[in-house]
>>> print(open('entry-v2.txt').read())   # compact mmCIF, C-alpha atoms
# COMPACT_ATOMS: atom_id res chain seq x y z
CA MET U 1 0.00 0.00 0.00
CA GLY U 2 1.42 3.42 -0.94
CA GLN U 3 1.94 6.11 1.66
CA GLU U 4 -0.86 8.24 0.18
CA ALA U 5 -3.29 5.35 0.33
CA ARG U 6 -2.21 4.57 3.88
CA GLU U 7 -2.91 8.11 5.02
CA MET U 8 -6.41 7.86 3.58
CA THR U 9 -7.18 5.31 6.30
CA VAL U 10 -6.36 7.74 9.12
CA ASP U 11 -9.36 9.26 10.85
CA SER U 12 -9.79 12.53 8.94
CA ALA U 13 -11.22 14.28 12.02
CA LEU U 14 -7.83 13.87 13.71
CA THR U 15 -5.73 15.07 10.80
CA GLY U 16 -4.15 18.39 11.71
CA THR U 17 -4.48 17.81 15.45
CA ASP U 18 -1.21 18.64 17.21
CA ASP U 19 0.94 15.92 18.73
CA PHE U 20 0.24 16.82 22.36
CA GLU U 21 -3.52 16.61 21.81
CA LEU U 22 -3.08 13.31 20.00
CA VAL U 23 -1.01 12.01 22.91
CA ASP U 24 -3.79 13.01 25.33
CA LEU U 25 -6.34 11.15 23.21
CA ALA U 26 -4.08 8.12 22.86
CA ARG U 27 -3.58 8.03 26.65
CA GLU U 28 -7.34 7.63 26.96
CA GLY U 29 -7.10 4.62 24.69
CA ASP U 30 -7.81 6.31 21.35
CA VAL U 31 -6.04 4.01 18.90
CA ASP U 32 -6.99 6.23 15.94
CA ALA U 33 -5.13 9.15 17.53
CA PHE U 34 -2.10 6.94 17.99
CA GLU U 35 -2.29 5.94 14.34
CA VAL U 36 -2.03 9.61 13.38
CA LEU U 37 1.08 9.88 15.57
CA TYR U 38 2.45 6.75 13.91
CA ARG U 39 1.86 8.14 10.39
CA GLY U 40 3.53 11.39 11.33
CA HIS U 41 6.63 9.89 12.89
CA ILE U 42 7.27 6.46 11.40
CA GLY U 43 9.53 7.89 8.66
CA ARG U 44 11.93 9.34 11.23
CA VAL U 45 11.82 6.30 13.48
CA TYR U 46 12.48 3.93 10.59
CA ALA U 47 15.29 6.07 9.18
CA LEU U 48 16.98 6.07 12.57
CA CYS U 49 16.58 2.31 13.05
CA LEU U 50 17.72 1.60 9.51
CA ARG U 51 20.86 3.71 9.80
CA MET U 52 21.73 2.39 13.24
CA THR U 53 21.34 -1.25 12.23
CA GLY U 54 22.04 -1.20 8.49
CA ASP U 55 19.37 -3.89 8.10
CA PRO U 56 15.99 -2.93 6.52
CA SER U 57 14.15 -5.94 7.87
CA LEU U 58 15.51 -5.56 11.38
CA ALA U 59 14.80 -1.81 11.19
CA GLU U 60 11.13 -2.53 10.51
CA ASP U 61 10.96 -4.86 13.50
CA LEU U 62 12.64 -2.30 15.73
CA SER U 63 10.45 0.57 14.48
CA GLN U 64 7.41 -1.50 15.28
CA GLU U 65 8.77 -2.31 18.72
CA ALA U 66 9.57 1.35 19.38
CA LEU U 67 6.01 2.42 18.56
CA ILE U 68 4.54 -0.32 20.74
CA ARG U 69 6.81 0.71 23.60
CA ALA U 70 5.80 4.35 23.10
CA TRP U 71 2.14 3.36 23.40
CA GLU U 72 2.87 1.47 26.60
CA LYS U 73 4.82 4.39 28.06
CA LEU U 74 2.54 7.24 26.99
CA ASP U 75 1.74 8.05 30.62
CA SER U 76 5.40 8.81 31.26
CA PHE U 77 5.60 11.35 28.42
CA GLY U 78 5.80 14.64 30.32
CA LYS U 79 5.52 16.96 27.30
CA ARG U 80 8.82 18.59 28.28
CA SER U 81 10.05 17.86 24.77
CA ALA U 82 8.39 17.30 21.41
CA PHE U 83 6.74 13.92 20.99
CA GLY U 84 9.13 13.19 18.11
CA THR U 85 12.16 13.79 20.36
CA TRP U 86 10.75 11.48 23.03
CA LEU U 87 9.99 8.83 20.43
CA HIS U 88 13.50 9.20 18.96
CA ARG U 89 14.97 8.35 22.40
CA ILE U 90 12.72 5.33 22.71
CA ALA U 91 13.80 4.14 19.27
CA VAL U 92 17.48 4.54 20.19
CA ASN U 93 16.92 2.51 23.36
CA VAL U 94 15.08 -0.20 21.44
CA VAL U 95 17.91 -0.46 18.90
CA LEU U 96 20.52 -0.62 21.65
CA ALA U 97 18.54 -3.19 23.64
CA ARG U 98 18.29 -5.38 20.55
CA GLY U 99 21.99 -4.84 19.93
CA ARG U 100 22.83 -6.04 23.45
CA LYS U 101 20.68 -9.12 22.91
CA THR U 102 22.36 -9.78 19.58
CA GLN U 103 25.74 -9.30 21.21
CA ARG U 104 24.95 -11.92 23.79
CA GLU U 105 23.66 -14.30 21.15
CA ALA U 106 26.35 -13.90 18.54
CA GLY U 107 29.20 -11.76 19.78
CA HIS U 108 31.80 -13.59 17.71
CA LEU U 109 29.89 -12.98 14.45
CA ARG U 110 29.79 -9.23 15.16
CA LEU U 111 33.56 -9.19 15.65
CA VAL U 112 34.08 -10.98 12.34
CA ARG U 113 31.71 -8.59 10.55
CA GLU U 114 33.42 -5.53 12.00
CA ALA U 115 36.84 -6.83 11.04
CA ALA U 116 35.57 -7.41 7.50
CA ALA U 117 34.04 -3.92 7.38
CA ASP U 118 37.36 -2.35 8.28
CA MET U 119 38.89 -4.09 5.24
CA LEU U 120 36.26 -3.04 2.69
CA PRO U 121 37.65 -1.52 -0.52
CA THR U 122 37.26 2.24 -0.96
CA GLY U 123 35.81 4.39 -3.72
CA HIS U 124 32.47 3.87 -5.54
CA GLY U 125 30.81 5.61 -8.44
CA GLY U 126 27.13 6.48 -8.83
CA ASP U 127 24.77 8.37 -6.55
CA GLN U 128 26.70 10.03 -3.76
CA ARG U 129 23.84 9.89 -1.23
CA ILE U 130 23.32 6.19 -1.78
CA ASP U 131 27.04 5.69 -1.49
CA LEU U 132 27.08 7.51 1.81
CA GLU U 133 24.11 5.47 3.11
CA GLN U 134 25.79 2.26 2.00
CA ALA U 135 29.08 3.32 3.50
CA ILE U 136 27.38 4.16 6.81
CA SER U 137 25.69 0.77 6.89
CA SER U 138 29.04 -0.91 6.40
CA LEU U 139 30.62 0.80 9.41
CA PRO U 140 31.43 -1.22 12.53
CA GLU U 141 28.41 -1.24 14.85
CA ARG U 142 29.53 1.22 17.53
CA ALA U 143 31.12 3.61 15.03
CA ARG U 144 27.93 3.50 12.97
CA GLN U 145 25.72 4.27 15.95
CA VAL U 146 27.86 7.20 17.03
CA PHE U 147 28.07 8.56 13.50
CA VAL U 148 24.30 8.30 12.93
CA LEU U 149 23.41 10.03 16.19
CA ALA U 150 26.13 12.70 16.10
CA ALA U 151 26.70 13.40 12.42
CA VAL U 152 23.31 12.62 10.84
CA TYR U 153 20.97 13.65 13.68
CA GLY U 154 23.20 16.35 15.13
CA HIS U 155 23.39 15.22 18.75
CA SER U 156 26.30 16.56 20.80
CA HIS U 157 29.03 14.22 22.02
CA GLU U 158 27.53 14.38 25.51
CA GLU U 159 24.03 13.51 24.28
CA THR U 160 25.31 10.73 22.05
CA ALA U 161 27.49 9.30 24.81
CA GLY U 162 24.52 9.46 27.20
CA MET U 163 22.21 7.64 24.81
CA LEU U 164 24.74 4.94 24.03
CA GLY U 165 25.91 4.58 27.62
CA VAL U 166 29.59 5.20 26.80
CA ALA U 167 32.16 7.79 27.87
CA VAL U 168 32.35 11.05 25.93
CA GLY U 169 35.93 10.19 25.00
CA THR U 170 34.81 6.88 23.54
CA CYS U 171 32.13 8.68 21.57
CA LYS U 172 34.67 11.13 20.10
CA ALA U 173 37.03 8.30 19.23
CA GLN U 174 34.27 6.30 17.49
CA LEU U 175 33.14 9.37 15.53
CA HIS U 176 36.70 9.97 14.42
CA ARG U 177 36.99 6.33 13.37
CA ALA U 178 33.71 6.47 11.45
CA ARG U 179 34.66 9.71 9.70
CA ARG U 180 38.02 8.28 8.67
CA LEU U 181 36.52 5.04 7.36
CA LEU U 182 33.83 6.88 5.40
CA ALA U 183 36.30 9.33 3.89
CA GLU U 184 38.43 6.41 2.76
CA ARG U 185 35.48 4.54 1.22
CA LEU U 186 33.79 7.40 -0.62
CA MET A 1 41.75 15.96 -1.90
CA LYS A 2 43.30 15.72 1.55
CA GLN A 3 41.98 13.26 4.11
CA SER A 4 40.78 16.08 6.39
CA GLU A 5 38.86 17.70 3.52
CA LYS A 6 37.24 14.37 2.69
CA GLU A 7 36.22 13.93 6.30
CA GLN A 8 34.72 17.41 6.40
CA ARG A 9 32.74 16.62 3.28
CA VAL A 10 31.49 13.39 4.81
CA MET A 11 30.24 15.31 7.84
CA ARG A 12 28.60 17.95 5.65
CA ASP A 13 26.88 15.32 3.49
CA ALA A 14 25.76 13.38 6.54
CA LYS A 15 23.89 16.42 7.85
CA ARG A 16 22.05 16.68 4.52
CA LEU A 17 20.80 13.11 4.51
CA PRO A 18 17.00 12.89 4.64
CA LYS A 19 15.74 12.49 8.17
CA GLU A 20 12.75 10.45 7.07
CA ILE A 21 12.68 7.15 5.18
CA GLN A 22 9.41 5.27 4.81
CA PRO A 23 9.58 1.55 5.54
CA GLU A 24 8.78 -0.75 2.66
CA HIS A 25 5.82 -2.22 4.54
CA ASP A 26 3.03 -0.52 6.48
CA LEU A 27 3.82 -1.41 10.09
CA TRP A 28 0.55 -0.08 11.50
CA PRO A 29 -1.59 -3.26 11.26
CA ALA A 30 0.94 -5.21 13.35
CA ILE A 31 1.31 -2.35 15.83
CA ARG A 32 -2.44 -1.98 16.13
CA SER A 33 -2.96 -5.66 16.84
CA ALA A 34 -0.13 -5.60 19.39
CA ILE A 35 -1.51 -2.64 21.34
CA ALA A 36 -5.15 -3.71 21.25
CA GLY A 37 -6.28 -4.71 24.71
CA THR A 38 -3.09 -3.51 26.44
CA ARG A 39 -2.53 -0.87 29.10
CA GLN A 40 -5.36 1.40 28.08
CA LEU A 41 -8.99 0.88 27.37
CA SER A 42 -9.30 -0.84 24.02
CA ASP A 43 -11.93 -0.05 21.41
CA HIS A 44 -13.82 -3.12 22.55
CA ASP A 45 -13.77 -1.96 26.16
CA ARG A 46 -14.87 1.53 25.21
CA ALA A 47 -17.71 0.05 23.21
CA GLN A 48 -18.56 -2.12 26.20
CA SER A 49 -18.47 0.97 28.45
CA ARG A 50 -20.93 2.68 26.14
CA VAL A 51 -23.20 -0.36 26.28
CA VAL A 52 -22.95 -0.35 30.07
CA ALA A 53 -23.74 3.37 30.13
CA TRP A 54 -26.83 2.77 28.04
CA ARG A 55 -27.88 -0.11 30.26
CA ILE A 56 -27.53 2.08 33.33
CA ALA A 57 -29.45 4.88 31.70
CA ALA A 58 -32.13 2.38 30.77
CA SER A 59 -32.11 0.97 34.30
CA VAL A 60 -32.47 4.39 35.86
CA ALA A 61 -35.34 5.15 33.51
CA LEU A 62 -36.92 1.83 34.40
CA ILE A 63 -36.53 2.52 38.08
CA ALA A 64 -38.26 5.86 37.73
CA PHE A 65 -40.99 4.10 35.82
CA SER A 66 -41.01 1.27 38.33
CA SER A 67 -41.44 3.61 41.27
CA LEU A 68 -44.37 5.23 39.57
CA THR A 69 -45.77 1.84 38.58
CA THR A 70 -45.36 0.53 42.08
CA LEU A 71 -47.17 3.52 43.45
CA TRP A 72 -49.79 3.34 40.74
CA VAL A 73 -50.39 -0.35 41.41
CA SER A 74 -50.59 0.34 45.14
CA ARG A 75 -52.68 3.52 44.56
CA LYS A 76 -52.77 3.92 48.25
CA VAL A 77 -49.90 6.17 49.23
CA PRO A 78 -48.89 9.72 48.34
CA VAL A 79 -45.60 10.26 46.46
CA ASP A 80 -43.26 11.71 49.06
CA PRO A 81 -39.56 12.50 48.54
CA VAL A 82 -37.46 9.40 49.14
CA VAL A 83 -34.69 9.86 51.68
CA ILE A 84 -32.37 7.37 49.97
CA SER A 85 -32.38 9.48 46.79
CA GLU A 86 -29.62 11.58 48.39
CA LEU A 87 -27.26 8.61 48.11
CA PRO A 88 -25.86 9.23 44.63
CA VAL A 89 -24.51 12.65 45.54
CA THR A 90 -23.16 11.39 48.85
CA LEU A 91 -21.48 8.40 47.28
CA VAL A 92 -19.95 10.08 44.26
CA GLY A 93 -17.31 11.84 46.30
CA ARG A 94 -16.49 8.76 48.33
CA TYR A 95 -15.61 6.13 45.81
CA ASN A 96 -12.85 4.65 47.93
CA ALA A 97 -15.10 4.31 50.96
CA LEU A 98 -17.93 3.02 48.84
CA GLU A 99 -17.71 -0.64 49.63
CA SER A 100 -18.38 -0.35 53.36
CA SER A 101 -21.03 2.38 52.91
CA TYR A 102 -22.78 0.41 50.22
CA THR A 103 -22.53 -2.90 52.03
CA GLY A 104 -23.86 -1.38 55.25
CA ALA A 105 -26.76 0.44 53.61
CA ARG A 106 -27.60 -2.57 51.50
CA ALA A 107 -27.65 -4.96 54.46
CA GLN A 108 -29.88 -2.58 56.38
CA LEU A 109 -32.41 -2.23 53.58
CA LEU A 110 -32.25 -5.73 52.15
CA HIS A 111 -33.59 -7.57 55.18
CA GLU A 112 -36.70 -5.41 55.35
CA PHE A 113 -37.02 -5.44 51.56
CA THR A 114 -37.08 -9.25 51.38
CA VAL A 115 -39.94 -9.37 53.86
CA ASN A 116 -41.84 -6.55 52.15
CA LEU A 117 -41.36 -7.87 48.65
CA ALA A 118 -43.33 -10.97 49.55
CA LYS A 119 -46.26 -8.76 50.55
CA LEU A 120 -46.48 -7.03 47.16
CA SER A 121 -48.93 -8.05 44.49
CA PRO A 122 -47.50 -10.47 41.89
CA GLU A 123 -47.56 -7.74 39.20
CA THR A 124 -45.69 -5.23 41.33
CA ARG A 125 -43.22 -7.85 42.50
CA THR A 126 -42.46 -8.80 38.86
CA VAL A 127 -41.70 -5.19 37.94
CA VAL A 128 -39.44 -4.70 40.97
CA GLU A 129 -37.58 -7.96 40.42
CA LYS A 130 -37.08 -7.22 36.75
CA ASN A 131 -35.62 -3.80 37.53
CA LEU A 132 -33.32 -5.21 40.16
CA ALA A 133 -32.07 -7.89 37.77
CA GLU A 134 -31.27 -5.19 35.18
CA ILE A 135 -29.38 -3.17 37.76
CA MET A 136 -27.38 -6.12 39.05
CA GLN A 137 -26.44 -7.13 35.53
CA ALA A 138 -25.25 -3.59 34.86
CA VAL A 139 -23.25 -3.61 38.12
CA ASP A 140 -21.54 -6.84 37.09
CA GLU A 141 -20.67 -5.45 33.66
CA ILE A 142 -19.35 -2.17 35.07
CA ASN A 143 -17.20 -4.05 37.59
CA GLU A 144 -15.85 -6.24 34.83
CA VAL A 145 -14.75 -3.25 32.74
CA LEU A 146 -13.53 -1.36 35.83
CA ALA A 147 -11.24 -4.27 36.65
CA LYS A 148 -9.44 -3.55 33.37
CA ASP A 149 -9.60 0.23 33.69
CA PRO A 150 -9.83 1.05 37.42
CA SER A 151 -9.21 4.79 37.00
CA ASN A 152 -12.15 5.34 34.63
CA THR A 153 -14.16 8.02 36.43
CA LEU A 154 -17.17 7.65 34.13
CA LEU A 155 -17.47 4.00 35.07
CA GLN A 156 -16.94 4.81 38.75
CA ARG A 157 -19.84 7.23 38.60
CA LEU A 158 -21.98 4.74 36.73
CA LEU A 159 -21.20 2.13 39.36
CA LEU A 160 -22.19 4.53 42.12
CA ALA A 161 -25.37 5.39 40.26
CA ALA A 162 -26.15 1.70 39.83
CA TYR A 163 -25.57 1.00 43.53
CA ALA A 164 -27.71 3.98 44.47
CA SER A 165 -30.44 2.81 42.10
CA GLU A 166 -30.43 -0.61 43.71
CA LEU A 167 -30.71 0.88 47.18
CA GLU A 168 -33.44 3.21 45.98
CA VAL A 169 -35.55 0.27 44.80
CA TYR A 170 -35.20 -1.38 48.23
CA ALA A 171 -36.02 1.87 50.00
CA ASN A 172 -39.07 2.57 47.83
CA VAL A 173 -40.49 -0.88 48.40
CA ASN A 174 -39.87 -0.61 52.14
CA ARG A 175 -41.37 2.85 52.30
CA ILE A 176 -44.51 1.83 50.40
CA SER A 177 -44.93 -1.19 52.61
CA ARG A 178 -44.57 0.87 55.80
CA MET A 179 -47.09 3.44 54.61
CA GLU A 180 -49.46 0.73 53.53
CA MET A 181 -49.14 -0.84 56.97
CA LEU A 182 -49.88 2.51 58.62
CA ARG A 183 -52.87 3.02 56.34
CA THR A 184 -54.39 -0.35 57.21
CA GLU A 185 -53.78 0.15 60.92
CA THR A 186 -55.58 3.47 61.00
>>> encode(input="entry-v2.txt", output="structure tokens")
Amino acid sequence: MGQEAREMTVDSALTGTDDFELVDLAREGDVDAFEVLYRGHIGRVYALCLRMTGDPSLAEDLSQEALIRAWEKLDSFGKRSAFGTWLHRIAVNVVLARGRKTQREAGHLRLVREAAADMLPTGHGGDQRIDLEQAISSLPERARQVFVLAAVYGHSHEETAGMLGVAVGTCKAQLHRARRLLAERL
Amino acid sequence: MKQSEKEQRVMRDAKRLPKEIQPEHDLWPAIRSAIAGTRQLSDHDRAQSRVVAWRIAASVALIAFSSLTTLWVSRKVPVDPVVISELPVTLVGRYNALESSYTGARAQLLHEFTVNLAKLSPETRTVVEKNLAEIMQAVDEINEVLAKDPSNTLLQRLLLAAYASELEVYANVNRISRMEMLRTET
């Protein structure tokens, strides 16, 4: 189903309602209001999950999980930030939680993949944006996460370090590593 | 181009990447089915609440009709204000203390009611019993939904109204019986 067709299914009475009002309605159990929030934010959530994981299928699973978790935690949303910002944090946490699970399950495979990524050949032709996306997805996991949050989404080193649960110094080092690898590959 | 220039370009290009990417599949149907019946009142529960509300409204209307019918069938007593009719207002502000208040008032009225009910004509008794059955069914349904959504103030009020209606039926029957007794004695 195309995006336009999907939006046709949203309750038209709710279209144009601001996010805070939609959150209030959703807290009362209004699933239609939550669907409007979903339609408005899924693009950002999916883009974040996709870039942090480099896996479209996994990114869909994680986006879905992030939205479900947001629904469950709506009562804790204090409206101190935009709904999109709050949802972004939830999505980051969901991606990291899945990453920790994956690490436990297959830590050795991740090490092999990262080692292989470091040895990828450099220089590609074609569309520069696609190249950059592909190059980001090929980065080692931690470097990719830092790069996506800091360079693509503009979070400070402190914010990025806080979200990832690492030291600021580690964050800076991973960003430097990511930048170097990308510059070599593009 | 120097390495540092390449890295700067990578950072510049990263900032320009689109912040939204739509997933290939619509994730909403899966999200909707996952959140249905969780945490908040689902569509089904809200529909059930509306049904309960209508039942209560119907019960209250029936009780008003029943009181008049009872009096009409008896045709022997004037329609005086009923003391127990103050209960809804009293109870609404005391939801937490409701159980003991309700249980106490009910026990007090029920014993006398059971004796008096037997004295009523078969027609009057049928009307009273039918109304009570409607009220008790509504009480059960409200309690069932309240168990899933204990903070629902509408349902709390409906429950109080239902309890008050039940007590009012007992009180009316008792009152009519007492007045009838006085009438026959004099």
>>> residues_near_point(input="entry-v2.txt", point="(33.3, 6.8, 20.0)", cutoff="9 Å", atoms="all atoms listed in the file", output="list of chain:residue names")
U:Arg142, U:Ala143, U:Gln145, U:Val146, U:Phe147, U:His157, U:Ala161, U:Val166, U:Ala167, U:Val168, U:Gly169, U:Thr170, U:Cys171, U:Lys172, U:Ala173, U:Gln174, U:Leu175, U:His176, U:Arg177, U:Ala178
>>> closest_atom_pairs(input="entry-v2.txt", of="chain U", to="chain A", cutoff="9 Å", atoms="only C-alpha atoms", output="JSON lines")
{"residue": "U:Met1", "atom": "CA", "partner": "A:Asp26", "partner_atom": "CA", "distance": 7.2}
{"residue": "U:Gly2", "atom": "CA", "partner": "A:Asp26", "partner_atom": "CA", "distance": 8.6}
{"residue": "U:Gln3", "atom": "CA", "partner": "A:Gln22", "partner_atom": "CA", "distance": 8.2}
{"residue": "U:Arg6", "atom": "CA", "partner": "A:Asp26", "partner_atom": "CA", "distance": 7.8}
{"residue": "U:Ala26", "atom": "CA", "partner": "A:Gln40", "partner_atom": "CA", "distance": 8.6}
{"residue": "U:Arg27", "atom": "CA", "partner": "A:Gln40", "partner_atom": "CA", "distance": 7.0}
{"residue": "U:Glu28", "atom": "CA", "partner": "A:Gln40", "partner_atom": "CA", "distance": 6.6}
{"residue": "U:Gly29", "atom": "CA", "partner": "A:Leu41", "partner_atom": "CA", "distance": 5.0}
{"residue": "U:Asp30", "atom": "CA", "partner": "A:Asp43", "partner_atom": "CA", "distance": 7.6}
{"residue": "U:Val31", "atom": "CA", "partner": "A:Arg32", "partner_atom": "CA", "distance": 7.5}
{"residue": "U:Glu35", "atom": "CA", "partner": "A:Trp28", "partner_atom": "CA", "distance": 7.2}
{"residue": "U:Tyr38", "atom": "CA", "partner": "A:Trp28", "partner_atom": "CA", "distance": 7.5}
{"residue": "U:Arg39", "atom": "CA", "partner": "A:Trp28", "partner_atom": "CA", "distance": 8.4}
{"residue": "U:His41", "atom": "CA", "partner": "A:Glu20", "partner_atom": "CA", "distance": 8.5}
{"residue": "U:Ile42", "atom": "CA", "partner": "A:Gln22", "partner_atom": "CA", "distance": 7.0}
{"residue": "U:Gly43", "atom": "CA", "partner": "A:Glu20", "partner_atom": "CA", "distance": 4.4}
{"residue": "U:Arg44", "atom": "CA", "partner": "A:Glu20", "partner_atom": "CA", "distance": 4.4}
{"residue": "U:Val45", "atom": "CA", "partner": "A:Glu20", "partner_atom": "CA", "distance": 7.7}
{"residue": "U:Tyr46", "atom": "CA", "partner": "A:Pro23", "partner_atom": "CA", "distance": 6.3}
{"residue": "U:Ala47", "atom": "CA", "partner": "A:Ile21", "partner_atom": "CA", "distance": 4.9}
{"residue": "U:Leu48", "atom": "CA", "partner": "A:Lys19", "partner_atom": "CA", "distance": 7.9}
{"residue": "U:Leu50", "atom": "CA", "partner": "A:Ile21", "partner_atom": "CA", "distance": 8.7}
{"residue": "U:Pro56", "atom": "CA", "partner": "A:Pro23", "partner_atom": "CA", "distance": 7.9}
{"residue": "U:Ala59", "atom": "CA", "partner": "A:Pro23", "partner_atom": "CA", "distance": 8.4}
{"residue": "U:Glu60", "atom": "CA", "partner": "A:Pro23", "partner_atom": "CA", "distance": 6.6}
{"residue": "U:Asp61", "atom": "CA", "partner": "A:Leu27", "partner_atom": "CA", "distance": 8.6}
{"residue": "U:Ser63", "atom": "CA", "partner": "A:Leu27", "partner_atom": "CA", "distance": 8.2}
{"residue": "U:Gln64", "atom": "CA", "partner": "A:Ile31", "partner_atom": "CA", "distance": 6.2}
{"residue": "U:Glu65", "atom": "CA", "partner": "A:Ile31", "partner_atom": "CA", "distance": 8.0}
{"residue": "U:Leu67", "atom": "CA", "partner": "A:Ile31", "partner_atom": "CA", "distance": 7.2}
{"residue": "U:Ile68", "atom": "CA", "partner": "A:Ile31", "partner_atom": "CA", "distance": 6.2}
{"residue": "U:Trp71", "atom": "CA", "partner": "A:Ile35", "partner_atom": "CA", "distance": 7.3}
{"residue": "U:Glu72", "atom": "CA", "partner": "A:Arg39", "partner_atom": "CA", "distance": 6.4}
{"residue": "U:Gln128", "atom": "CA", "partner": "A:Asp13", "partner_atom": "CA", "distance": 9.0}
{"residue": "U:Arg129", "atom": "CA", "partner": "A:Leu17", "partner_atom": "CA", "distance": 7.2}
{"residue": "U:Leu132", "atom": "CA", "partner": "A:Ala14", "partner_atom": "CA", "distance": 7.7}
{"residue": "U:Glu133", "atom": "CA", "partner": "A:Leu17", "partner_atom": "CA", "distance": 8.4}
{"residue": "U:Phe147", "atom": "CA", "partner": "A:Ala14", "partner_atom": "CA", "distance": 8.8}
{"residue": "U:Val148", "atom": "CA", "partner": "A:Ala14", "partner_atom": "CA", "distance": 8.3}
{"residue": "U:Ala151", "atom": "CA", "partner": "A:Ala14", "partner_atom": "CA", "distance": 6.0}
{"residue": "U:Val152", "atom": "CA", "partner": "A:Lys15", "partner_atom": "CA", "distance": 4.9}
{"residue": "U:Tyr153", "atom": "CA", "partner": "A:Lys15", "partner_atom": "CA", "distance": 7.1}
{"residue": "U:Gly154", "atom": "CA", "partner": "A:Lys15", "partner_atom": "CA", "distance": 7.3}
{"residue": "U:Arg179", "atom": "CA", "partner": "A:Glu7", "partner_atom": "CA", "distance": 5.6}
{"residue": "U:Arg180", "atom": "CA", "partner": "A:Glu7", "partner_atom": "CA", "distance": 6.4}
{"residue": "U:Leu181", "atom": "CA", "partner": "A:Glu7", "partner_atom": "CA", "distance": 9.0}
{"residue": "U:Leu182", "atom": "CA", "partner": "A:Val10", "partner_atom": "CA", "distance": 6.9}
{"residue": "U:Ala183", "atom": "CA", "partner": "A:Glu7", "partner_atom": "CA", "distance": 5.2}
{"residue": "U:Glu184", "atom": "CA", "partner": "A:Gln3", "partner_atom": "CA", "distance": 7.8}
{"residue": "U:Leu186", "atom": "CA", "partner": "A:Val10", "partner_atom": "CA", "distance": 8.4}
>>> atom_distance(input="entry-v2.txt", atom1="CA of Arg106 in chain A", atom2="CA of Glu144 in chain A")
20.7 Å
>>> residues_around(input="entry-v2.txt", residues="Asn116 in chain A", least_positions_apart="3", cutoff="8 Å", atoms="all atoms listed in the file", output="number ranges by chain")
A: 112-113, 119-120, 173-174, 177
>>> atom_distance(input="entry-v2.txt", atom1="CA of Thr160 in chain U", atom2="CA of Gly40 in chain U")
24.3 Å
>>> residues_near_point(input="entry-v2.txt", point="(23.2, 2.1, 21.1)", cutoff="9 Å", atoms="only C-alpha atoms", output="list in words")
Met52, Val92, Asn93, Val94, Val95, Leu96, Ala97, Arg98, Gly99, Arg100, Glu141, Arg142, Gln145, Val146, Thr160, Met163, Leu164 and Gly165 of chain U
>>> atom_distance(input="entry-v2.txt", atom1="CA of Asn143 in chain A", atom2="CA of Leu155 in chain A")
8.4 Å
